[in-house]
>>> print(open('upload.txt').read())   # compact mmCIF, C-alpha atoms and all ligand atoms
# COMPACT_ATOMS: atom_id res chain seq x y z
CA MET A 29 63.16 35.44 -90.86
CA LYS A 30 61.34 38.65 -89.99
CA GLN A 31 59.38 39.19 -86.79
CA VAL A 32 55.64 38.49 -86.87
CA ARG A 33 53.82 41.80 -86.34
CA LEU A 34 50.81 41.40 -84.08
CA GLY A 35 47.78 43.50 -83.18
CA ILE A 36 45.97 42.80 -79.92
CA ILE A 37 42.20 43.27 -79.56
CA GLY A 38 41.06 43.35 -75.94
CA ALA A 39 43.20 44.57 -73.07
CA GLY A 40 41.66 42.72 -70.13
CA ARG A 41 43.04 39.79 -68.11
CA ILE A 42 43.91 37.51 -71.01
CA GLY A 43 45.04 40.41 -73.21
CA ASN A 44 47.59 41.11 -70.50
CA VAL A 45 48.77 37.48 -70.40
CA HIS A 46 49.25 37.33 -74.19
CA SER A 47 50.87 40.78 -74.40
CA GLN A 48 53.42 39.55 -71.87
CA SER A 49 54.10 36.37 -73.89
CA VAL A 50 54.62 38.40 -77.06
CA ALA A 51 56.93 40.82 -75.25
CA ASN A 52 59.04 37.82 -74.17
CA ASP A 53 59.28 36.30 -77.67
CA PRO A 54 61.92 37.78 -79.99
CA ALA A 55 60.17 36.18 -82.98
CA ALA A 56 57.24 38.60 -82.71
CA VAL A 57 56.36 42.16 -81.86
CA ALA A 58 53.05 43.66 -80.77
CA VAL A 59 52.72 46.80 -82.88
CA ALA A 60 49.23 47.90 -81.78
CA ILE A 61 46.55 47.23 -79.20
CA THR A 62 42.91 48.29 -78.94
CA ASP A 63 40.09 48.05 -76.43
CA ILE A 64 36.67 49.69 -76.22
CA ASN A 65 38.00 50.96 -72.93
CA ARG A 66 40.94 53.03 -74.16
CA ASP A 67 42.47 53.35 -70.70
CA SER A 68 42.90 49.56 -70.52
CA ALA A 69 44.64 49.53 -73.89
CA GLU A 70 46.91 52.39 -72.91
CA GLN A 71 47.80 50.69 -69.66
CA LEU A 72 48.83 47.43 -71.37
CA ALA A 73 50.63 49.36 -74.11
CA SER A 74 52.82 51.08 -71.57
CA MET A 75 53.34 47.89 -69.51
CA HIS A 76 54.45 45.81 -72.50
CA GLY A 77 56.10 48.41 -74.73
CA ILE A 78 53.39 48.38 -77.44
CA SER A 79 53.96 51.52 -79.49
CA ARG A 80 50.44 52.21 -80.80
CA VAL A 81 46.94 52.27 -79.33
CA ALA A 82 44.33 51.95 -82.09
CA ASP A 83 40.97 53.67 -81.62
CA THR A 84 38.98 50.69 -82.92
CA SER A 85 39.43 47.09 -83.93
CA ARG A 86 38.57 48.21 -87.49
CA GLU A 87 41.52 50.61 -87.50
CA LEU A 88 43.78 47.85 -86.21
CA LEU A 89 42.52 45.34 -88.82
CA ASP A 90 43.05 47.87 -91.62
CA SER A 91 46.69 48.41 -90.62
CA PRO A 92 49.03 47.10 -93.32
CA ASP A 93 51.86 46.70 -90.79
CA ILE A 94 49.98 43.92 -88.92
CA ASP A 95 50.34 40.26 -89.97
CA ALA A 96 48.14 38.67 -87.33
CA VAL A 97 45.72 39.54 -84.55
CA LEU A 98 45.15 38.17 -81.08
CA ILE A 99 41.43 38.31 -80.25
CA CYS A 100 41.37 38.71 -76.47
CA SER A 101 38.10 40.63 -76.12
CA SER A 102 34.87 39.40 -74.53
CA THR A 103 33.43 36.19 -75.95
CA ASN A 104 30.44 37.84 -77.66
CA THR A 105 32.83 39.71 -79.99
CA HIS A 106 34.89 36.71 -81.19
CA ALA A 107 32.79 35.40 -84.09
CA ASP A 108 32.43 38.78 -85.82
CA LEU A 109 36.05 39.72 -85.22
CA ILE A 110 37.22 36.43 -86.74
CA VAL A 111 35.21 37.18 -89.89
CA GLN A 112 36.53 40.75 -90.09
CA ALA A 113 40.13 39.69 -89.43
CA ALA A 114 39.95 36.93 -92.04
CA GLN A 115 38.50 39.33 -94.60
CA ALA A 116 41.36 41.72 -93.80
CA GLY A 117 43.82 38.89 -94.52
CA LYS A 118 45.18 38.66 -90.98
CA HIS A 119 46.16 35.40 -89.29
CA ILE A 120 44.11 34.91 -86.15
CA PHE A 121 44.65 33.72 -82.62
CA CYS A 122 41.29 33.72 -80.85
CA GLU A 123 40.51 33.10 -77.23
CA LYS A 124 38.01 30.41 -76.31
CA PRO A 125 35.16 29.99 -76.94
CA ILE A 126 34.57 31.24 -80.50
CA ASP A 127 30.89 31.72 -79.66
CA TYR A 128 28.04 29.75 -78.06
CA ASP A 129 26.14 29.47 -81.34
CA LEU A 130 27.26 26.83 -83.82
CA ALA A 131 25.86 28.68 -86.85
CA ARG A 132 27.91 31.77 -85.94
CA ILE A 133 30.97 29.58 -85.39
CA ASP A 134 30.47 27.99 -88.81
CA ARG A 135 30.29 31.43 -90.44
CA SER A 136 33.59 32.38 -88.79
CA LEU A 137 35.28 29.16 -89.85
CA ASP A 138 34.02 29.61 -93.42
CA ALA A 139 35.52 33.10 -93.54
CA VAL A 140 38.86 31.71 -92.31
CA GLU A 141 38.76 28.96 -94.90
CA ARG A 142 37.91 31.35 -97.72
CA ALA A 143 40.65 33.83 -96.75
CA ARG A 144 43.20 31.00 -96.29
CA VAL A 145 44.50 32.59 -93.12
CA LYS A 146 45.66 30.66 -90.06
CA LEU A 147 43.42 30.30 -87.01
CA GLN A 148 44.52 29.05 -83.61
CA LEU A 149 42.14 28.68 -80.67
CA GLY A 150 43.20 29.54 -77.13
CA PHE A 151 43.11 26.07 -75.61
CA ASN A 152 46.35 26.73 -73.76
CA ARG A 153 46.13 23.67 -71.50
CA ARG A 154 47.21 21.51 -74.44
CA PHE A 155 50.62 23.13 -74.02
CA ASP A 156 50.93 22.26 -70.31
CA SER A 157 53.80 19.83 -69.82
CA ASN A 158 51.85 17.66 -67.34
CA PHE A 159 48.90 17.16 -69.67
CA ALA A 160 51.24 16.67 -72.62
CA ARG A 161 52.85 13.79 -70.69
CA VAL A 162 49.42 12.22 -70.11
CA LYS A 163 48.70 12.46 -73.81
CA LYS A 164 52.03 10.85 -74.63
CA ALA A 165 51.28 7.92 -72.28
CA ILE A 166 48.02 7.34 -74.15
CA GLU A 167 49.42 7.87 -77.64
CA THR A 168 52.39 5.57 -77.17
CA GLY A 169 50.34 2.83 -75.53
CA GLU A 170 52.36 3.14 -72.31
CA ILE A 171 49.21 2.67 -70.19
CA GLY A 172 47.47 0.47 -72.73
CA ARG A 173 43.99 1.09 -73.99
CA PRO A 174 42.27 3.89 -72.05
CA ARG A 175 39.21 2.89 -70.05
CA LEU A 176 38.53 5.74 -67.64
CA LEU A 177 39.39 9.44 -67.77
CA HIS A 178 38.92 11.71 -64.79
CA ILE A 179 39.38 15.46 -65.19
CA ILE A 180 39.15 17.50 -62.00
CA SER A 181 38.80 21.20 -62.76
CA ARG A 182 37.75 23.42 -59.88
CA ASP A 183 38.19 27.15 -59.59
CA PRO A 184 39.37 28.86 -56.39
CA GLY A 185 36.23 31.02 -56.35
CA PRO A 186 33.30 32.03 -58.52
CA PRO A 187 33.56 34.92 -60.97
CA PRO A 188 31.43 38.06 -60.54
CA ILE A 189 27.76 37.67 -61.47
CA SER A 190 28.24 40.18 -64.30
CA TYR A 191 30.74 37.72 -65.86
CA VAL A 192 28.42 34.74 -65.35
CA LYS A 193 25.66 36.64 -67.17
CA SER A 194 27.77 37.29 -70.27
CA SER A 195 30.12 34.30 -70.36
CA GLY A 196 27.59 31.77 -71.64
CA GLY A 197 27.68 29.99 -68.29
CA MET A 198 29.92 27.44 -66.64
CA PHE A 199 29.85 24.87 -69.43
CA PHE A 200 31.05 27.47 -71.95
CA ASP A 201 33.52 29.55 -69.97
CA MET A 202 35.01 26.88 -67.68
CA THR A 203 34.13 23.32 -68.74
CA ILE A 204 34.99 24.24 -72.34
CA HIS A 205 38.67 23.73 -71.44
CA ASP A 206 37.86 20.29 -70.01
CA PHE A 207 35.85 19.27 -73.07
CA ASP A 208 38.86 20.20 -75.16
CA MET A 209 41.22 18.37 -72.81
CA ALA A 210 39.07 15.23 -72.93
CA ARG A 211 39.21 14.92 -76.73
CA PHE A 212 42.85 16.08 -76.87
CA LEU A 213 44.06 13.49 -74.35
CA MET A 214 41.97 10.57 -75.57
CA GLY A 215 42.55 11.31 -79.25
CA GLU A 216 38.94 10.48 -80.06
CA GLU A 217 35.53 12.08 -79.98
CA VAL A 218 32.81 11.97 -77.35
CA GLU A 219 29.52 10.50 -78.56
CA GLU A 220 27.27 11.00 -75.55
CA ILE A 221 27.14 13.31 -72.53
CA TYR A 222 25.22 13.08 -69.28
CA THR A 223 25.29 15.95 -66.81
CA ALA A 224 24.41 16.07 -63.15
CA ALA A 225 24.70 19.69 -62.05
CA GLY A 226 23.44 22.11 -59.46
CA VAL A 227 23.94 25.36 -57.61
CA MET A 228 25.89 24.78 -54.39
CA VAL A 229 28.28 27.72 -54.22
CA ASP A 230 26.10 30.83 -54.63
CA PRO A 231 22.32 31.08 -55.19
CA ALA A 232 22.95 34.28 -57.21
CA ILE A 233 24.56 32.06 -59.88
CA GLY A 234 21.34 30.02 -60.04
CA ASN A 235 19.29 33.22 -60.23
CA VAL A 236 20.93 34.11 -63.54
CA GLY A 237 20.25 30.64 -64.91
CA ASP A 238 23.64 29.02 -64.42
CA VAL A 239 25.07 26.16 -62.35
CA ASP A 240 28.25 26.18 -60.29
CA THR A 241 28.90 22.48 -59.64
CA ALA A 242 28.75 19.57 -62.08
CA MET A 243 29.74 16.00 -62.82
CA ILE A 244 29.68 15.42 -66.55
CA THR A 245 29.91 11.87 -67.88
CA LEU A 246 31.41 11.40 -71.33
CA ARG A 247 31.05 8.30 -73.47
CA PHE A 248 33.80 8.14 -76.09
CA ALA A 249 33.49 6.49 -79.50
CA SER A 250 35.71 3.57 -78.32
CA GLY A 251 33.44 2.96 -75.32
CA ALA A 252 35.85 4.56 -72.85
CA ILE A 253 34.18 6.63 -70.14
CA GLY A 254 35.18 10.04 -68.85
CA ILE A 255 34.16 12.22 -65.97
CA ILE A 256 34.62 15.97 -65.75
CA ASP A 257 34.35 17.16 -62.18
CA ASN A 258 33.75 20.92 -61.98
CA CYS A 259 33.10 23.37 -59.21
CA ARG A 260 33.30 27.16 -59.24
CA GLU A 261 34.82 27.11 -55.76
CA ALA A 262 37.40 24.96 -53.99
CA ALA A 263 38.37 26.18 -50.53
CA TYR A 264 42.02 25.20 -51.03
CA GLY A 265 42.43 26.97 -54.41
CA TYR A 266 42.75 26.09 -58.08
CA ASP A 267 42.44 22.32 -58.50
CA GLN A 268 43.54 20.97 -61.89
CA ARG A 269 44.19 17.25 -62.02
CA VAL A 270 43.84 14.43 -64.52
CA GLU A 271 43.90 10.66 -64.24
CA VAL A 272 43.59 8.06 -66.98
CA LEU A 273 43.22 4.35 -66.32
CA GLY A 274 44.22 2.10 -69.19
CA SER A 275 44.54 -1.66 -69.72
CA LYS A 276 48.27 -1.61 -68.77
CA GLY A 277 48.22 0.99 -66.02
CA SER A 278 47.31 4.52 -65.14
CA ILE A 279 48.78 8.00 -65.24
CA HIS A 280 47.83 10.97 -63.14
CA THR A 281 48.99 14.55 -62.77
CA GLY A 282 48.59 16.65 -59.66
CA ASN A 283 48.43 20.35 -58.99
CA ARG A 284 51.32 22.78 -59.35
CA TYR A 285 52.68 24.44 -56.25
CA PRO A 286 54.68 27.61 -55.69
CA ASN A 287 57.34 25.47 -53.99
CA GLN A 288 58.13 21.85 -53.19
CA ALA A 289 58.46 22.36 -49.42
CA ILE A 290 56.77 19.97 -47.00
CA VAL A 291 56.44 21.17 -43.39
CA SER A 292 56.41 18.33 -40.87
CA THR A 293 55.61 19.06 -37.23
CA GLY A 294 54.25 17.14 -34.24
CA ALA A 295 50.78 18.23 -35.35
CA SER A 296 50.76 17.63 -39.10
CA VAL A 297 52.61 17.15 -42.37
CA ARG A 298 51.56 19.87 -44.77
CA ARG A 299 52.48 22.01 -47.74
CA ASP A 300 51.50 25.39 -49.16
CA LEU A 301 48.38 25.74 -51.27
CA PRO A 302 48.55 25.14 -55.04
CA LEU A 303 49.19 28.00 -57.47
CA ASN A 304 46.05 30.01 -57.12
CA PHE A 305 44.57 30.64 -60.56
CA PHE A 306 45.03 30.27 -64.29
CA MET A 307 47.50 33.13 -64.80
CA ASP A 308 50.00 31.42 -62.48
CA ARG A 309 49.07 27.75 -62.90
CA TYR A 310 49.11 27.89 -66.70
CA ALA A 311 51.79 30.56 -67.23
CA GLU A 312 54.06 28.11 -69.05
CA SER A 313 51.27 26.91 -71.35
CA PHE A 314 50.20 30.46 -72.26
CA ALA A 315 53.77 31.28 -73.31
CA LEU A 316 54.10 28.04 -75.29
CA GLU A 317 50.77 28.39 -77.12
CA MET A 318 51.73 31.90 -78.27
CA ARG A 319 55.17 30.70 -79.37
CA SER A 320 53.46 27.92 -81.32
CA PHE A 321 51.10 30.38 -83.08
CA ILE A 322 53.99 32.65 -84.01
CA ARG A 323 56.00 29.69 -85.27
CA ALA A 324 53.09 28.48 -87.42
CA ILE A 325 53.02 31.88 -89.14
CA ARG A 326 56.78 32.16 -89.57
CA GLU A 327 57.20 28.61 -90.86
CA ASP A 328 53.86 28.50 -92.69
CA THR A 329 52.76 25.32 -90.92
CA PRO A 330 49.29 24.39 -89.63
CA THR A 331 48.34 25.69 -86.20
CA LEU A 332 48.14 23.09 -83.42
CA VAL A 333 44.62 24.04 -82.22
CA THR A 334 42.34 24.51 -85.23
CA GLY A 335 38.89 25.91 -85.93
CA ILE A 336 37.20 22.53 -85.60
CA ASP A 337 38.93 22.16 -82.22
CA GLY A 338 37.13 25.38 -81.33
CA ARG A 339 33.75 24.16 -82.59
CA ILE A 340 33.49 20.69 -81.06
CA PRO A 341 33.83 21.74 -77.38
CA VAL A 342 30.99 24.23 -77.93
CA ALA A 343 28.80 21.43 -79.30
CA MET A 344 29.79 19.43 -76.19
CA GLY A 345 28.77 22.39 -74.02
CA ILE A 346 25.38 22.56 -75.72
CA ALA A 347 24.93 18.81 -75.16
CA ALA A 348 25.97 19.12 -71.50
CA LEU A 349 23.51 21.97 -70.92
CA ARG A 350 20.71 20.12 -72.66
CA SER A 351 21.41 16.99 -70.64
CA HIS A 352 21.25 19.04 -67.44
CA GLN A 353 17.94 20.62 -68.52
CA GLU A 354 16.36 17.36 -69.70
CA GLY A 355 17.84 15.10 -67.04
CA LYS A 356 18.98 12.46 -69.53
CA PRO A 357 22.01 11.59 -71.69
CA VAL A 358 22.37 13.53 -74.94
CA LYS A 359 24.03 12.20 -78.09
CA LEU A 360 26.46 14.62 -79.75
CA SER A 361 25.01 13.57 -83.11
CA THR A 362 21.76 15.37 -82.16
CA ILE A 363 23.55 18.70 -81.71
CA SER A 364 23.32 20.57 -85.00
CA SER A 365 23.44 24.28 -85.79
CA THR A 366 21.98 25.51 -82.61
CA THR A 367 22.69 27.72 -79.69
CA ALA A 368 22.73 27.25 -75.95
CA THR A 369 19.70 28.59 -74.14
CA ARG A 370 19.83 28.81 -70.40
CA SER A 371 16.60 28.33 -68.50
N1 LIG B 401 42.43 30.61 -72.19
C1 LIG B 401 42.11 30.93 -70.95
O1 LIG B 401 42.47 30.27 -69.99
C2 LIG B 401 41.30 32.17 -70.72
C3 LIG B 401 41.36 32.80 -69.48
C4 LIG B 401 40.61 33.97 -69.30
C5 LIG B 401 39.80 34.45 -70.31
N2 LIG B 401 39.75 33.78 -71.50
C6 LIG B 401 38.87 34.28 -72.59
O2 LIG B 401 39.36 35.54 -73.01
C7 LIG B 401 38.28 36.42 -73.29
C8 LIG B 401 38.44 37.68 -72.45
O3 LIG B 401 38.41 37.32 -71.09
P1 LIG B 401 39.07 38.24 -69.96
O4 LIG B 401 39.04 37.43 -68.72
O5 LIG B 401 40.35 38.80 -70.43
O6 LIG B 401 37.95 39.38 -69.86
P2 LIG B 401 38.15 40.90 -69.43
O7 LIG B 401 36.78 41.39 -69.17
O8 LIG B 401 39.21 41.02 -68.40
O9 LIG B 401 38.72 41.59 -70.77
C9 LIG B 401 37.98 41.71 -71.94
C10 LIG B 401 38.37 43.04 -72.57
O10 LIG B 401 37.78 43.11 -73.87
C11 LIG B 401 37.37 44.46 -74.08
N3 LIG B 401 36.40 44.48 -75.17
C12 LIG B 401 35.12 44.08 -75.16
N4 LIG B 401 34.57 44.23 -76.38
C13 LIG B 401 35.56 44.73 -77.18
C14 LIG B 401 35.61 45.09 -78.55
N5 LIG B 401 34.55 44.98 -79.35
N6 LIG B 401 36.79 45.55 -79.05
C15 LIG B 401 37.87 45.68 -78.24
N7 LIG B 401 37.87 45.36 -76.92
C16 LIG B 401 36.72 44.89 -76.41
C17 LIG B 401 36.82 44.89 -72.72
O11 LIG B 401 36.75 46.29 -72.61
C18 LIG B 401 37.85 44.25 -71.78
O12 LIG B 401 38.93 45.13 -71.51
C19 LIG B 401 36.99 35.64 -73.02
O13 LIG B 401 36.51 35.14 -74.23
C20 LIG B 401 37.44 34.51 -72.10
O14 LIG B 401 36.66 33.35 -72.27
C21 LIG B 401 40.48 32.68 -71.72
>>> encode(input="upload.txt", output="structure tokens")
Amino acid sequence: MKQVRLGIIGAGRIGNVHSQSVANDPAAVAVAITDINRDSAEQLASMHGISRVADTSRELLDSPDIDAVLICSSTNTHADLIVQAAQAGKHIFCEKPIDYDLARIDRSLDAVERARVKLQLGFNRRFDSNFARVKKAIETGEIGRPRLLHIISRDPGPPPISYVKSSGGMFFDMTIHDFDMARFLMGEEVEEIYTAAGVMVDPAIGNVGDVDTAMITLRFASGAIGIIDNCREAAYGYDQRVEVLGSKGSIHTGNRYPNQAIVSTGASVRRDLPLNFFMDRYAESFALEMRSFIRAIREDTPTLVTGIDGRIPVAMGIAALRSHQEGKPVKLSTISSTTATRS
């Protein structure tokens, strides 16, 4: 079977991660890359052996030698690029989130449907072997019927304020992964969300209308209860843990470390800090999600993270934000075609 020929749009942090995954996968080849900042595209092209730098995303989408595109540009470009890529007949891998506006997301998903191209969303954590094991324990009934879910998701440090201004805010750039993880692990939908959130890390984050610390309570359709525990800063580094309590037992996963060494002295028993951020902590899952997208194209099978999987976490983000603003629980059924508005 021939190699899948990919074009990459966006040569920033995540464009680099995905270019590396493609370079490591003999089933695909990145034939072109583009970025509004040409220097960034040229840099990744030379790092990962990508032969062509396209001047624009339009030029890349019009290229007949490209089967599929990886949309790795800033979030505010995703919805339009999905429409353009679908109309150009390209399969699409798009980073999360699709957009913050459900109407714009729906237009993108319609275009994908009409063009009958494949779409996979960048919820890479689904491909993490620890979280996959938690899902298996739930799916197989190993821990019985789930009652409580606890997702701890704390960053090592806050992003720059320029990023906070354009990212849609914490619920859409950070918690979005946890919303996805909650429905992925539990295998059911959330019906109601209650948020307690505040600004405890940096007042500048509050000044641009965002929060940096939150506890988000989820009520699932079955009655099970979840908590997402988020903070933009944890002094000891990237903290990514999950626990599920079911009727027959519980399962939990801890952080990943650069080594397994434990140092015991007369003063303490200690270990090195966890892997510091997403590029290291989730390296395995980034490689596996890309392999899965490439396989779906080669074998003409459905992608494992679909358009609706991209839409629902955004609706959850809108509900979480509204709950924070109104100080009361919000039912997901009240979130229709609307957008998130920060105060
Ligand atoms: N799955 C994950 O864990 C994960 C991690 C990081 C980022 N992301 C997502 O990936 C996207 C990019 O994030 P990043 O951290 O790489 O940001 P970044 O700022 O490092 O890179 C974005 C790049 O896109 C380019 N760009 C912007 N508009 C463009 C356009 N119209 N055409 C071509 N290039 C354009 C910018 O010049 C920049 O080089 C965001 O949507 C973010 O939410 C996902």
>>> residues_near_ligand(input="upload.txt", ligand="ligand LIG 401 (chain B)", cutoff="8 Å", atoms="all atoms listed in the file", output="number ranges by chain")
A: 37-44, 62-65, 68-69, 84-85, 99-106, 123-126, 150-153, 191, 195, 201, 205, 306-307, 310, 314
>>> atom_distance(input="upload.txt", atom1="CA of Glu261 (chain A)", atom2="CA of Val229 (chain A)")
6.7 Å
>>> closest_residue(input="upload.txt", among="A:Phe159, A:Tyr264, A:Phe305, A:Tyr222", to="Asp208 (chain A)", atoms="all atoms listed in the file")
A:Phe159
>>> closest_residue(input="upload.txt", among="A:Thr223, A:Pro330, A:Met344, A:Arg269", to="Lys356 (chain A)", atoms="all atoms listed in the file")
A:Thr223
>>> closest_residue(input="upload.txt", among="A:Tyr266, A:Phe248, A:Phe212, A:Phe199", to="Asn304 (chain A)", atoms="all atoms listed in the file")
A:Tyr266
>>> residues_near_point(input="upload.txt", point="(51.8, 22.5, -68.8)", cutoff="10 Å", atoms="all atoms listed in the file", output="JSON, numbers by chain")
{"A": [152, 153, 154, 155, 156, 157, 158, 159, 160, 161, 284, 309, 310, 311, 312, 313, 314, 316]}
>>> atom_distance(input="upload.txt", atom1="CA of Met243 (chain A)", atom2="CA of His280 (chain A)")
18.8 Å
>>> atom_distance(input="upload.txt", atom1="CA of Thr245 (chain A)", atom2="CA of Asn258 (chain A)")
11.5 Å
>>> residues_near_point(input="upload.txt", point="(39.6, 0.3, -68.7)", cutoff="8 Å", atoms="only C-alpha atoms", output="PyMOL selection string")
chain A and resi 173-176+252+273-275
>>> axis_aligned_box(input="upload.txt", around="region 97-110 of chain A", padding_each_side="5 Å", output="lines of an AutoDock Vina configuration file")
center_x = 38.1
center_y = 38.0
center_z = -80.6
size_x = 25.3
size_y = 15.2
size_z = 22.2
>>> closest_residue(input="upload.txt", among="A:Ser190, A:Ser49, A:Ser364, A:Ser250", to="Leu130 (chain A)", atoms="all atoms listed in the file")
A:Ser364
>>> closest_residue(input="upload.txt", among="A:Ala139, A:His76, A:Gln31, A:Arg144", to="Asp93 (chain A)", atoms="all atoms listed in the file")
A:Gln31
>>> closest_residue(input="upload.txt", among="A:Ala113, A:Ala96, A:Ala242, A:Val236", to="Pro188 (chain A)", atoms="all atoms listed in the file")
A:Val236
